[in-house]
>>> print(open('entry_30.txt').read())   # compact mmCIF, C-alpha atoms
# COMPACT_ATOMS: atom_id res chain seq x y z
CA MET B 1 -7.35 20.36 24.34
CA ASN B 2 -7.53 17.84 27.14
CA TRP B 3 -8.88 14.66 25.56
CA ASN B 4 -9.39 13.14 29.02
CA ARG B 5 -12.60 15.15 29.10
CA PHE B 6 -14.04 12.26 27.10
CA ARG B 7 -13.25 9.91 29.98
CA GLN B 8 -14.96 11.66 32.87
CA PRO B 9 -16.61 8.96 35.01
CA ASP B 10 -19.34 11.28 36.33
CA LEU B 11 -20.46 12.20 32.83
CA ILE B 12 -20.35 8.60 31.62
CA LEU B 13 -22.40 7.38 34.60
CA LYS B 14 -24.90 10.22 34.21
CA LEU B 15 -25.43 9.33 30.59
CA ILE B 16 -25.75 5.62 31.37
CA GLY B 17 -28.27 6.60 34.06
CA ASP B 18 -30.36 8.32 31.38
CA LEU B 19 -30.29 5.11 29.34
CA THR B 20 -31.95 3.11 32.13
CA GLU B 21 -35.22 4.82 31.22
CA TYR B 22 -35.26 2.73 28.06
CA LYS B 23 -36.74 -0.69 28.91
CA LYS B 24 -36.97 -2.69 25.66
CA GLN B 25 -34.23 -5.10 24.69
CA VAL B 26 -31.97 -3.83 21.92
CA LYS B 27 -28.90 -5.33 20.34
CA PHE B 28 -26.26 -3.19 18.67
CA MET B 29 -23.15 -4.39 16.86
CA GLU B 30 -19.88 -2.57 17.35
CA VAL B 31 -18.28 -3.20 13.97
CA CYS B 32 -14.74 -2.18 14.81
CA GLY B 33 -12.26 -4.20 16.86
CA SER B 34 -10.90 -1.02 18.43
CA HIS B 35 -14.42 -0.32 19.72
CA THR B 36 -14.57 -3.87 21.11
CA MET B 37 -11.33 -3.24 22.98
CA ALA B 38 -12.46 0.18 24.23
CA ILE B 39 -15.81 -1.23 25.41
CA GLY B 40 -13.96 -3.97 27.29
CA HIS B 41 -11.27 -1.66 28.62
CA TRP B 42 -13.77 0.83 30.07
CA GLY B 43 -16.15 -1.89 31.30
CA LEU B 44 -19.04 -0.43 29.33
CA ARG B 45 -20.74 -3.74 28.58
CA LYS B 46 -21.21 -4.25 32.32
CA LEU B 47 -22.12 -0.63 33.03
CA LEU B 48 -24.87 -0.45 30.43
CA PRO B 49 -28.36 -1.63 31.42
CA GLU B 50 -28.84 -5.36 30.80
CA ASN B 51 -31.43 -4.75 28.09
CA ILE B 52 -28.85 -2.93 25.95
CA ILE B 53 -26.67 -5.60 24.39
CA LEU B 54 -23.49 -4.85 22.47
CA ILE B 55 -22.12 -7.59 20.21
CA SER B 56 -18.83 -7.55 18.36
CA GLY B 57 -18.46 -7.55 14.60
CA PRO B 58 -15.92 -8.35 11.90
CA GLY B 59 -13.74 -5.25 12.28
CA CYS B 60 -10.40 -6.87 12.99
CA PRO B 61 -8.25 -7.10 9.84
CA VAL B 62 -5.86 -9.65 11.29
CA CYS B 63 -8.78 -11.89 12.31
CA VAL B 64 -10.25 -12.01 8.81
CA THR B 65 -6.97 -12.59 6.94
CA PRO B 66 -6.88 -16.14 5.52
CA ALA B 67 -4.36 -18.32 7.33
CA THR B 68 -2.86 -19.69 4.12
CA ILE B 69 -1.18 -16.31 3.60
CA ILE B 70 1.02 -17.14 6.60
CA ASP B 71 2.09 -20.44 5.02
CA SER B 72 2.89 -18.74 1.71
CA LEU B 73 4.98 -16.03 3.38
CA ILE B 74 7.03 -18.48 5.40
CA LYS B 75 8.14 -20.16 2.15
CA LEU B 76 9.73 -16.90 0.92
CA LYS B 77 13.11 -17.40 2.56
CA SER B 78 15.13 -14.89 0.55
CA VAL B 79 12.97 -11.82 1.10
CA THR B 80 12.58 -9.54 4.11
CA ILE B 81 8.98 -9.55 5.29
CA THR B 82 7.64 -6.53 7.11
CA THR B 83 4.34 -6.58 8.95
CA PHE B 84 2.27 -4.93 11.63
CA GLY B 85 2.94 -6.79 14.88
CA ASP B 86 -0.55 -8.24 15.24
CA LEU B 87 0.02 -10.75 12.45
CA MET B 88 3.11 -12.34 14.03
CA ARG B 89 1.30 -14.89 16.17
CA VAL B 90 -1.61 -15.78 13.91
CA PRO B 91 -1.40 -19.56 13.45
CA GLY B 92 -0.60 -20.83 9.97
CA SER B 93 -1.14 -24.50 9.23
CA HIS B 94 2.24 -25.49 10.77
CA GLN B 95 3.82 -22.43 12.32
CA ASN B 96 3.31 -18.70 12.74
CA LEU B 97 5.56 -15.84 11.59
CA GLU B 98 7.14 -15.53 15.02
CA GLN B 99 8.24 -19.17 14.94
CA ALA B 100 9.46 -18.77 11.35
CA ARG B 101 11.54 -15.79 12.44
CA ALA B 102 13.05 -17.85 15.26
CA GLN B 103 14.13 -20.35 12.59
CA GLY B 104 15.92 -17.69 10.58
CA CYS B 105 13.35 -16.02 8.32
CA ASP B 106 13.89 -12.25 8.13
CA ILE B 107 10.52 -11.05 9.42
CA ARG B 108 10.31 -7.59 10.94
CA ILE B 109 7.56 -5.70 12.77
CA VAL B 110 6.96 -2.17 11.52
CA PHE B 111 4.57 0.55 12.66
CA SER B 112 4.05 2.09 9.26
CA PRO B 113 4.46 1.21 5.58
CA MET B 114 6.96 4.09 5.54
CA ASP B 115 9.20 2.01 7.84
CA ALA B 116 9.00 -0.82 5.30
CA LEU B 117 10.03 1.61 2.55
CA LYS B 118 13.12 2.55 4.55
CA ILE B 119 14.05 -1.12 5.06
CA SER B 120 13.67 -1.71 1.32
CA GLN B 121 16.46 0.74 0.54
CA ASP B 122 19.06 -2.00 0.88
CA ARG B 123 17.12 -5.28 0.67
CA GLU B 124 14.23 -6.90 -1.11
CA THR B 125 11.21 -6.25 1.10
CA ILE B 126 7.56 -7.25 1.16
CA PHE B 127 5.13 -5.22 3.23
CA ILE B 128 2.06 -7.20 4.33
CA GLY B 129 -0.61 -4.69 3.45
CA LEU B 130 -3.49 -5.69 5.64
CA GLY B 131 -5.99 -3.26 7.01
CA PHE B 132 -9.27 -1.52 6.41
CA GLU B 133 -9.91 1.86 4.84
CA THR B 134 -8.07 3.61 7.70
CA THR B 135 -4.78 1.93 6.86
CA ILE B 136 -5.08 1.56 3.09
CA PRO B 137 -4.23 5.19 2.12
CA GLY B 138 -0.83 4.89 3.81
CA ILE B 139 -0.21 1.61 2.00
CA ALA B 140 -1.20 3.28 -1.29
CA PHE B 141 1.27 6.05 -0.52
CA SER B 142 4.08 3.52 -0.06
CA ILE B 143 3.37 2.00 -3.48
CA VAL B 144 3.24 5.38 -5.24
CA ASN B 145 6.45 6.38 -3.48
CA ALA B 146 8.21 3.17 -4.55
CA ALA B 147 7.03 3.68 -8.15
CA LYS B 148 8.20 7.30 -8.17
CA ASN B 149 11.65 6.31 -6.95
CA ASN B 150 11.73 3.15 -9.09
CA ASN B 151 12.37 1.18 -5.91
CA GLN B 152 12.26 -2.37 -7.30
CA ASN B 153 13.13 -3.80 -3.88
CA PHE B 154 9.71 -2.94 -2.51
CA SER B 155 6.40 -4.71 -2.94
CA VAL B 156 3.11 -4.95 -1.07
CA LEU B 157 1.00 -8.02 -0.44
CA SER B 158 -2.37 -6.33 -0.76
CA LEU B 159 -4.81 -7.76 1.78
CA GLY B 160 -6.81 -4.54 2.22
CA LYS B 161 -10.49 -5.01 2.94
CA LEU B 162 -13.52 -2.75 2.78
CA ILE B 163 -16.05 -2.40 5.59
CA PRO B 164 -19.32 -1.38 3.83
CA PRO B 165 -19.52 -4.51 1.58
CA ALA B 166 -18.81 -6.67 4.63
CA LEU B 167 -21.67 -5.01 6.52
CA ASP B 168 -23.93 -5.59 3.54
CA ALA B 169 -23.05 -9.30 3.53
CA LEU B 170 -23.41 -9.70 7.30
CA LEU B 171 -26.74 -7.89 7.52
CA ASP B 172 -28.04 -9.99 4.64
CA ASP B 173 -27.80 -13.00 6.94
CA LYS B 174 -31.26 -13.40 8.42
CA ASP B 175 -29.83 -15.16 11.50
CA LEU B 176 -28.15 -11.93 12.56
CA LYS B 177 -30.62 -9.70 14.31
CA VAL B 178 -29.27 -6.32 15.27
CA ASP B 179 -31.10 -3.06 15.88
CA GLY B 180 -28.27 -0.74 14.95
CA LEU B 181 -24.58 -0.44 14.21
CA ILE B 182 -21.81 1.40 16.00
CA LEU B 183 -19.75 2.32 12.96
CA PRO B 184 -15.95 2.50 12.93
CA GLY B 185 -14.72 6.02 13.62
CA HIS B 186 -11.41 5.87 11.80
CA VAL B 187 -12.59 3.93 8.76
CA SER B 188 -15.25 6.64 8.51
CA THR B 189 -12.57 9.34 8.79
CA ILE B 190 -11.43 8.17 5.36
CA ILE B 191 -14.70 7.14 3.68
CA GLY B 192 -17.17 9.58 5.27
CA MET B 193 -20.87 8.84 5.75
CA MET B 194 -22.12 8.17 2.21
CA PRO B 195 -20.90 4.54 1.84
CA TYR B 196 -23.16 3.50 4.75
CA GLU B 197 -26.34 5.14 3.44
CA PHE B 198 -27.64 1.86 1.97
CA ILE B 199 -27.98 0.37 5.47
CA PRO B 200 -31.17 2.14 6.65
CA TYR B 201 -32.78 1.75 3.22
CA LYS B 202 -31.92 -1.89 2.69
CA PHE B 203 -32.05 -3.22 6.25
CA GLY B 204 -34.18 -0.72 8.15
CA ILE B 205 -31.62 -0.09 10.88
CA GLY B 206 -29.51 2.93 11.72
CA GLY B 207 -25.82 3.39 12.33
CA VAL B 208 -23.81 5.87 14.33
CA ILE B 209 -20.20 6.82 13.71
CA THR B 210 -18.48 7.30 17.05
CA GLY B 211 -15.04 7.85 18.50
CA PHE B 212 -13.22 5.50 20.82
CA GLU B 213 -13.40 7.26 24.17
CA PRO B 214 -15.96 5.89 26.64
CA LEU B 215 -18.11 9.00 26.40
CA ASP B 216 -18.12 8.73 22.59
CA ILE B 217 -19.32 5.13 22.75
CA VAL B 218 -22.07 5.75 25.30
CA LEU B 219 -23.22 8.77 23.30
CA GLY B 220 -23.35 6.52 20.24
CA VAL B 221 -25.56 4.02 22.08
CA LYS B 222 -27.84 6.83 23.25
CA THR B 223 -28.11 8.24 19.74
CA LEU B 224 -28.99 4.82 18.31
CA ILE B 225 -31.72 4.32 20.93
CA GLU B 226 -33.17 7.79 20.36
CA ASN B 227 -33.36 7.16 16.64
CA LEU B 228 -34.66 3.58 16.59
CA ASP B 229 -37.89 4.78 14.98
CA HIS B 230 -36.06 6.86 12.36
CA PRO B 231 -33.11 4.74 11.29
CA ARG B 232 -30.41 6.69 9.53
CA ILE B 233 -26.64 7.16 9.47
CA MET B 234 -25.46 9.61 12.11
CA ASN B 235 -22.11 11.09 12.99
CA GLU B 236 -21.22 11.60 16.65
CA TYR B 237 -17.50 11.86 15.87
CA SER B 238 -17.61 15.17 14.02
CA ARG B 239 -14.36 16.34 15.60
CA VAL B 240 -12.59 13.85 13.32
CA VAL B 241 -15.07 12.55 10.73
CA ARG B 242 -16.23 14.87 7.94
CA PRO B 243 -19.37 13.76 6.06
CA GLU B 244 -17.37 13.52 2.83
CA GLY B 245 -14.40 11.67 4.38
CA ASN B 246 -10.84 12.49 3.36
CA GLN B 247 -10.83 13.07 -0.40
CA ILE B 248 -7.04 13.09 -0.79
CA ALA B 249 -6.85 9.66 0.84
CA LEU B 250 -9.75 8.34 -1.24
CA ASP B 251 -8.13 9.60 -4.46
CA LEU B 252 -4.88 7.87 -3.59
CA ILE B 253 -6.70 4.59 -2.89
CA SER B 254 -8.38 4.82 -6.33
CA GLU B 255 -5.05 5.64 -7.98
CA VAL B 256 -3.40 2.44 -6.73
CA PHE B 257 -6.12 -0.12 -6.07
CA GLU B 258 -9.10 -1.67 -7.80
CA ILE B 259 -11.97 -3.43 -6.09
CA THR B 260 -12.09 -7.20 -6.11
CA HIS B 261 -13.74 -10.10 -4.30
CA ALA B 262 -12.03 -11.05 -1.05
CA GLN B 263 -11.89 -14.03 1.28
CA TRP B 264 -12.70 -13.19 4.89
CA ARG B 265 -11.43 -15.84 7.26
CA GLY B 266 -14.35 -17.36 9.12
CA ILE B 267 -16.90 -15.63 6.90
CA GLY B 268 -16.08 -16.65 3.34
CA GLU B 269 -15.92 -14.71 0.10
CA ILE B 270 -17.57 -11.29 0.09
CA PRO B 271 -18.11 -9.62 -3.28
CA ASP B 272 -16.35 -6.31 -3.91
CA SER B 273 -14.85 -6.24 -0.44
CA GLY B 274 -11.14 -6.41 -1.25
CA LEU B 275 -8.51 -4.34 -2.99
CA LYS B 276 -5.91 -5.47 -5.49
CA ILE B 277 -3.09 -3.43 -6.90
CA LYS B 278 -3.82 -2.01 -10.37
CA SER B 279 -1.76 -3.36 -13.25
CA LYS B 280 0.05 -0.03 -13.68
CA TYR B 281 1.69 -0.74 -10.29
CA ALA B 282 2.16 -4.49 -10.98
CA ASP B 283 5.90 -4.26 -10.29
CA PHE B 284 5.04 -3.53 -6.66
CA ASP B 285 2.42 -6.26 -6.27
CA ALA B 286 3.90 -9.08 -4.16
CA PHE B 287 1.15 -11.49 -5.27
CA ARG B 288 2.38 -11.18 -8.88
CA LYS B 289 6.07 -10.74 -8.13
CA TYR B 290 6.36 -13.87 -5.98
CA ASP B 291 3.42 -15.83 -7.37
CA ILE B 292 1.81 -16.08 -3.95
CA LYS B 293 -1.41 -18.04 -3.84
CA THR B 294 -4.12 -18.23 -1.25
CA SER B 295 -6.28 -21.26 -0.80
CA ASP B 296 -8.73 -22.50 1.75
CA LEU B 297 -7.18 -23.89 4.90
CA GLU B 298 -9.00 -26.38 6.98
CA GLU B 299 -9.77 -24.58 10.21
CA ASN B 300 -10.08 -26.32 13.55
CA PRO B 301 -13.75 -27.38 13.45
CA LEU B 302 -14.23 -26.49 17.11
CA CYS B 303 -13.03 -22.89 16.60
CA LEU B 304 -16.05 -20.62 16.28
CA CYS B 305 -14.22 -17.45 15.21
CA GLY B 306 -16.44 -17.25 12.14
CA ASN B 307 -19.58 -17.03 14.23
CA VAL B 308 -17.91 -14.52 16.55
CA LEU B 309 -16.95 -12.32 13.59
CA LYS B 310 -20.49 -12.53 12.26
CA GLY B 311 -21.93 -11.47 15.60
CA LYS B 312 -23.81 -14.74 16.02
CA ILE B 313 -22.20 -15.77 19.29
CA LEU B 314 -20.19 -14.10 22.03
CA PRO B 315 -16.64 -15.43 22.55
CA PRO B 316 -17.44 -17.25 25.84
CA GLU B 317 -19.96 -19.36 23.93
CA CYS B 318 -17.11 -21.01 21.99
CA PRO B 319 -16.11 -24.35 23.61
CA LEU B 320 -12.41 -23.52 23.19
CA PHE B 321 -12.58 -20.04 24.74
CA ALA B 322 -10.21 -19.61 27.70
CA LYS B 323 -9.70 -23.37 27.81
CA THR B 324 -7.55 -24.63 24.95
CA CYS B 325 -7.64 -21.24 23.21
CA THR B 326 -5.90 -18.45 25.13
CA PRO B 327 -3.76 -15.46 24.09
CA ASP B 328 -0.63 -17.54 24.87
CA TYR B 329 -1.82 -20.49 22.78
CA PRO B 330 -4.41 -19.11 20.35
CA ILE B 331 -6.34 -21.52 18.15
CA GLY B 332 -8.25 -18.96 16.14
CA PRO B 333 -7.32 -15.48 14.94
CA CYS B 334 -9.86 -13.69 17.16
CA MET B 335 -7.74 -14.68 20.16
CA VAL B 336 -4.47 -13.51 18.58
CA SER B 337 -5.01 -9.97 17.51
CA SER B 338 -4.92 -7.40 20.28
CA GLU B 339 -8.28 -6.20 19.04
CA GLY B 340 -9.83 -9.56 18.27
CA SER B 341 -13.14 -10.11 20.06
CA CYS B 342 -11.95 -13.24 21.86
CA ALA B 343 -8.78 -11.50 23.08
CA ALA B 344 -10.85 -8.55 24.30
CA TYR B 345 -13.27 -10.82 26.18
CA TYR B 346 -10.38 -12.87 27.60
CA LYS B 347 -8.66 -9.76 28.88
CA TYR B 348 -11.61 -7.74 30.15
CA GLU B 349 -14.85 -9.65 30.26
CA ARG B 350 -14.62 -12.98 32.07
CA MET Y 351 -5.49 -2.01 13.70
CA CYS Y 352 -7.56 1.08 13.12
CA LEU Y 353 -6.19 2.59 16.29
CA ALA Y 354 -5.44 6.27 15.85
CA ILE Y 355 -4.30 8.75 18.45
CA PRO Y 356 -4.43 12.54 18.73
CA ALA Y 357 -1.11 14.33 18.26
CA ILE Y 358 -0.25 18.01 17.99
CA VAL Y 359 1.65 19.33 14.98
CA VAL Y 360 4.80 21.21 15.99
CA LYS Y 361 6.57 21.56 12.64
CA LYS Y 362 5.89 21.21 8.92
CA THR Y 363 8.87 20.04 6.93
CA HIS Y 364 9.52 19.16 3.29
CA ASN Y 365 7.56 16.76 1.06
CA ASP Y 366 4.33 16.83 3.12
CA MET Y 367 6.16 15.60 6.20
CA GLY Y 368 5.96 17.10 9.66
CA ILE Y 369 6.80 16.65 13.30
CA VAL Y 370 4.12 15.92 15.87
CA CYS Y 371 4.32 15.82 19.64
CA LEU Y 372 2.91 12.67 21.13
CA GLY Y 373 2.79 12.66 24.90
CA GLY Y 374 6.03 14.62 25.06
CA VAL Y 375 7.80 12.61 22.36
CA GLU Y 376 8.43 14.15 18.94
CA LYS Y 377 7.91 12.00 15.87
CA GLU Y 378 8.20 12.52 12.13
CA ILE Y 379 4.97 11.76 10.30
CA SER Y 380 3.33 12.27 6.92
CA LEU Y 381 0.93 15.18 6.53
CA MET Y 382 0.02 14.36 2.93
CA PHE Y 383 -3.65 13.68 3.76
CA THR Y 384 -3.99 16.92 5.71
CA PRO Y 385 -2.06 19.48 3.62
CA GLU Y 386 -3.96 22.42 5.11
CA VAL Y 387 -2.84 21.59 8.66
CA ARG Y 388 -1.25 24.41 10.66
CA ILE Y 389 1.31 24.29 13.43
CA GLY Y 390 -0.58 23.89 16.71
CA ASP Y 391 -3.42 21.89 15.14
CA TRP Y 392 -4.34 18.49 16.53
CA VAL Y 393 -4.37 15.62 14.06
CA MET Y 394 -5.54 12.01 14.30
CA LEU Y 395 -2.47 9.86 13.72
CA HIS Y 396 -2.58 6.35 12.24
CA THR Y 397 0.51 4.35 11.15
CA ASP Y 398 2.52 7.60 11.00
CA PHE Y 399 -0.01 9.34 8.72
CA ALA Y 400 -2.21 12.21 9.89
CA ILE Y 401 -5.58 11.01 8.60
CA GLN Y 402 -7.58 14.09 9.64
CA ILE Y 403 -7.36 17.38 11.48
CA ILE Y 404 -9.29 17.31 14.76
CA THR Y 405 -11.64 20.27 15.09
CA GLU Y 406 -11.61 21.37 18.71
CA GLU Y 407 -14.86 23.25 18.27
CA ASP Y 408 -16.62 19.99 17.39
CA ALA Y 409 -14.97 18.30 20.36
CA ARG Y 410 -16.34 21.02 22.62
CA GLU Y 411 -19.79 20.69 21.10
CA THR Y 412 -19.81 16.93 21.72
CA LEU Y 413 -18.84 17.52 25.34
CA ALA Y 414 -21.48 20.24 25.60
CA ILE Y 415 -24.15 17.64 24.96
CA PHE Y 416 -23.38 16.17 28.36
CA GLN Y 417 -23.05 19.19 30.54
CA GLU Y 418 -23.77 22.82 30.96
CA ILE Y 419 -20.89 24.69 29.43
CA PRO Y 420 -20.51 28.37 28.66
CA PRO Y 421 -21.81 29.73 25.35
CA ALA Y 422 -19.47 29.59 22.37
CA ASP Y 423 -18.06 33.12 22.79
CA GLN Y 424 -17.05 32.41 26.39
CA ARG Y 425 -15.58 28.96 25.87
CA GLU Y 426 -11.93 29.81 25.31
CA GLU Y 427 -9.58 27.64 27.35
CA LYS Y 428 -12.41 26.28 29.44
CA ILE Y 429 -11.98 22.77 28.12
>>> encode(input="entry_30.txt", output="structure tokens")
Amino acid sequence: MNWNRFRQPDLILKLIGDLTEYKKQVKFMEVCGSHTMAIGHWGLRKLLPENIILISGPGCPVCVTPATIIDSLIKLKSVTITTFGDLMRVPGSHQNLEQARAQGCDIRIVFSPMDALKISQDRETIFIGLGFETTIPGIAFSIVNAAKNNNQNFSVLSLGKLIPPALDALLDDKDLKVDGLILPGHVSTIIGMMPYEFIPYKFGIGGVITGFEPLDIVLGVKTLIENLDHPRIMNEYSRVVRPEGNQIALDLISEVFEITHAQWRGIGEIPDSGLKIKSKYADFDAFRKYDIKTSDLEENPLCLCGNVLKGKILPPECPLFAKTCTPDYPIGPCMVSSEGSCAAYYKYER
Amino acid sequence: MCLAIPAIVVKKTHNDMGIVCLGGVEKEISLMFTPEVRIGDWVMLHTDFAIQIITEEDARETLAIFQEIPPADQREEKI
């Protein structure tokens, strides 16, 4: 299979040409940070007719992780910390993980929780378990594996977050007016379609699950427009997303985690949107093992990441954007993560 | 963070592990979430876990929305 077929410019332009027949103004939110990056990368925001507006949503796990976690981790001098690379440059209150590493903390970038398991074979290791439903099954696997092998060196700082409760909270905000959602393809690979079904009933708008190729995204926009009068949850990513999701992955998540309230940086607490490690796996819970606390950190009052994550403003509307806040010197988390909205706009859309 | 990429399975090994080919590079990954996967199948790979098998037939059907393509029984190797 040649996946480049989903990048054919002639097909993309033909489809966008069809969309010009639609004249009303519509606003859709792309929930996932990877969609934000893909839309920027392929220039779709500029290619689409001006009346079709795409705004970015909260789907960047690094962006919504409270900054105080960084401060707490830096204090753990005697433990090896393993993390996905995106977190390294997120500002804490005094320094970031990259700066802490330069001062001697053992902080390592890994690509998978399985890499962290390997590191833990000969040293005490924390894996920073941040991510959405896409990433959480692999993190659950690492905990089950550590328990099975009685690997007391290994623990996970569970920062996993759930997308459907976040959408519920965002859409509840009357200031946010969107006509439809472009739903995250790989979160949906795990959870399927059912967890989104409340959206058309409760908020009267539809959602479309799409892939990350330009043709996927434009097809998603077309599908949303065609179904504006009959809002429902649709799946245009059937090559990867099954309606029921991935049951093995869902079972493993339930085995290890229980649902809890979670703090979303820039948004606040969202009920039932986080995951904590069940007490049967308490030995592998870094929060308990190292008594790590999170608290509110005073954010720079000029940083508008919160409003960007909630889809209320576009990144260029923030007074710091591309001035004092750049990828080299980020003030807020949306500029740090490679899939943060501000980073995407800085790179592709200014 | 939710980035996932297509990879083709070239070997199934022990304990739900396998080898995929990723742009010419072979990599060991976990197949525990896709136990029914067969050698030659495409999977969607995220943090070294195959999170789903990609169904090529569905991929072809999505592409077919955009263009005239041959009927199902004549589609082999066209895409």
>>> residues_around(input="entry_30.txt", residues="range 376-379 of chain Y", least_positions_apart="4", cutoff="8 Å", atoms="all atoms listed in the file", output="number ranges by chain")
Y: 367-372, 398-400
>>> atom_distance(input="entry_30.txt", atom1="CA of Gln121 in chain B", atom2="CA of Lys289 in chain B")
17.7 Å
>>> closest_atom_pairs(input="entry_30.txt", of="chain Y", to="chain B", cutoff="8 Å", atoms="only C-alpha atoms", output="JSON lines")
{"residue": "Y:Met351", "atom": "CA", "partner": "B:Gly131", "partner_atom": "CA", "distance": 6.8}
{"residue": "Y:Cys352", "atom": "CA", "partner": "B:Thr134", "partner_atom": "CA", "distance": 6.0}
{"residue": "Y:Leu353", "atom": "CA", "partner": "B:Ser34", "partner_atom": "CA", "distance": 6.3}
{"residue": "Y:Ala354", "atom": "CA", "partner": "B:His186", "partner_atom": "CA", "distance": 7.2}
{"residue": "Y:Phe383", "atom": "CA", "partner": "B:Ile248", "partner_atom": "CA", "distance": 5.7}
{"residue": "Y:Met394", "atom": "CA", "partner": "B:Val240", "partner_atom": "CA", "distance": 7.4}
{"residue": "Y:His396", "atom": "CA", "partner": "B:Thr135", "partner_atom": "CA", "distance": 7.3}
{"residue": "Y:Thr397", "atom": "CA", "partner": "B:Ser112", "partner_atom": "CA", "distance": 4.6}
{"residue": "Y:Asp398", "atom": "CA", "partner": "B:Ser112", "partner_atom": "CA", "distance": 6.0}
{"residue": "Y:Phe399", "atom": "CA", "partner": "B:Gly138", "partner_atom": "CA", "distance": 6.7}
{"residue": "Y:Ile401", "atom": "CA", "partner": "B:Thr189", "partner_atom": "CA", "distance": 7.2}
{"residue": "Y:Gln402", "atom": "CA", "partner": "B:Val240", "partner_atom": "CA", "distance": 6.2}
{"residue": "Y:Ile403", "atom": "CA", "partner": "B:Val240", "partner_atom": "CA", "distance": 6.6}
{"residue": "Y:Ile404", "atom": "CA", "partner": "B:Val240", "partner_atom": "CA", "distance": 5.0}
{"residue": "Y:Thr405", "atom": "CA", "partner": "B:Arg239", "partner_atom": "CA", "distance": 4.8}
{"residue": "Y:Glu406", "atom": "CA", "partner": "B:Arg239", "partner_atom": "CA", "distance": 6.5}
{"residue": "Y:Glu407", "atom": "CA", "partner": "B:Arg239", "partner_atom": "CA", "distance": 7.4}
{"residue": "Y:Asp408", "atom": "CA", "partner": "B:Arg239", "partner_atom": "CA", "distance": 4.7}
{"residue": "Y:Ala409", "atom": "CA", "partner": "B:Arg239", "partner_atom": "CA", "distance": 5.2}
{"residue": "Y:Thr412", "atom": "CA", "partner": "B:Glu236", "partner_atom": "CA", "distance": 7.5}
{"residue": "Y:Leu413", "atom": "CA", "partner": "B:Phe6", "partner_atom": "CA", "distance": 7.3}
{"residue": "Y:Phe416", "atom": "CA", "partner": "B:Leu11", "partner_atom": "CA", "distance": 6.7}
{"residue": "Y:Gln417", "atom": "CA", "partner": "B:Leu11", "partner_atom": "CA", "distance": 7.8}
{"residue": "Y:Ile429", "atom": "CA", "partner": "B:Met1", "partner_atom": "CA", "distance": 6.4}
>>> closest_residue(input="entry_30.txt", among="B:Pro9, B:Gly129, B:Gly17, B:Pro214", to="Ala38 in chain B", atoms="all atoms listed in the file")
B:Pro214
>>> residues_around(input="entry_30.txt", residues="Ser78 in chain B", least_positions_apart="6", cutoff="10 Å", atoms="only C-alpha atoms", output="number ranges by chain")
B: 105-106, 123-125
>>> atom_distance(input="entry_30.txt", atom1="CA of Asp391 in chain Y", atom2="CA of Ile209 in chain B")
22.6 Å
>>> residues_around(input="entry_30.txt", residues="Asn149 in chain B", least_positions_apart="5", cutoff="12 Å", atoms="only C-alpha atoms", output="MDAnalysis selection string")
chainID B and resid 117 120:121 142:144 154 284
>>> atom_distance(input="entry_30.txt", atom1="CA of Glu50 in chain B", atom2="CA of Gly306 in chain B")
25.4 Å
>>> closest_residue(input="entry_30.txt", among="B:Gly206, B:Arg108, B:Thr223, B:Leu44", to="Ile415 in chain Y", atoms="all atoms listed in the file")
B:Thr223
>>> residues_near_point(input="entry_30.txt", point="(-22.1, -14.7, 18.7)", cutoff="12 Å", atoms="only C-alpha atoms", output="PyMOL selection string")
chain B and resi 27+29+53-58+175-178+304-318+341-342
>>> write_last_selection(input="entry_30.txt", atoms="C-alpha atoms", output="short mmCIF file (atom, residue, chain, number, x, y, z; two decimals), keeping the file's coordinate frame")
data_model
loop_
_atom_site.label_atom_id
_atom_site.label_comp_id
_atom_site.auth_asym_id
_atom_site.auth_seq_id
_atom_site.Cartn_x
_atom_site.Cartn_y
_atom_site.Cartn_z
CA LYS B 27 -28.90 -5.33 20.34
CA MET B 29 -23.15 -4.39 16.86
CA ILE B 53 -26.67 -5.60 24.39
CA LEU B 54 -23.49 -4.85 22.47
CA ILE B 55 -22.12 -7.59 20.21
CA SER B 56 -18.83 -7.55 18.36
CA GLY B 57 -18.46 -7.55 14.60
CA PRO B 58 -15.92 -8.35 11.90
CA ASP B 175 -29.83 -15.16 11.50
CA LEU B 176 -28.15 -11.93 12.56
CA LYS B 177 -30.62 -9.70 14.31
CA VAL B 178 -29.27 -6.32 15.27
CA LEU B 304 -16.05 -20.62 16.28
CA CYS B 305 -14.22 -17.45 15.21
CA GLY B 306 -16.44 -17.25 12.14
CA ASN B 307 -19.58 -17.03 14.23
CA VAL B 308 -17.91 -14.52 16.55
CA LEU B 309 -16.95 -12.32 13.59
CA LYS B 310 -20.49 -12.53 12.26
CA GLY B 311 -21.93 -11.47 15.60
CA LYS B 312 -23.81 -14.74 16.02
CA ILE B 313 -22.20 -15.77 19.29
CA LEU B 314 -20.19 -14.10 22.03
CA PRO B 315 -16.64 -15.43 22.55
CA PRO B 316 -17.44 -17.25 25.84
CA GLU B 317 -19.96 -19.36 23.93
CA CYS B 318 -17.11 -21.01 21.99
CA SER B 341 -13.14 -10.11 20.06
CA CYS B 342 -11.95 -13.24 21.86
#
>>> closest_residue(input="entry_30.txt", among="Y:Ala357, Y:Ala414, Y:Gly373, Y:Lys362", to="Arg388 in chain Y", atoms="all atoms listed in the file")
Y:Lys362
>>> residues_around(input="entry_30.txt", residues="Asp366 in chain Y", least_positions_apart="5", cutoff="7 Å", atoms="all atoms listed in the file", output="PyMOL selection string")
chain Y and resi 380-382+385
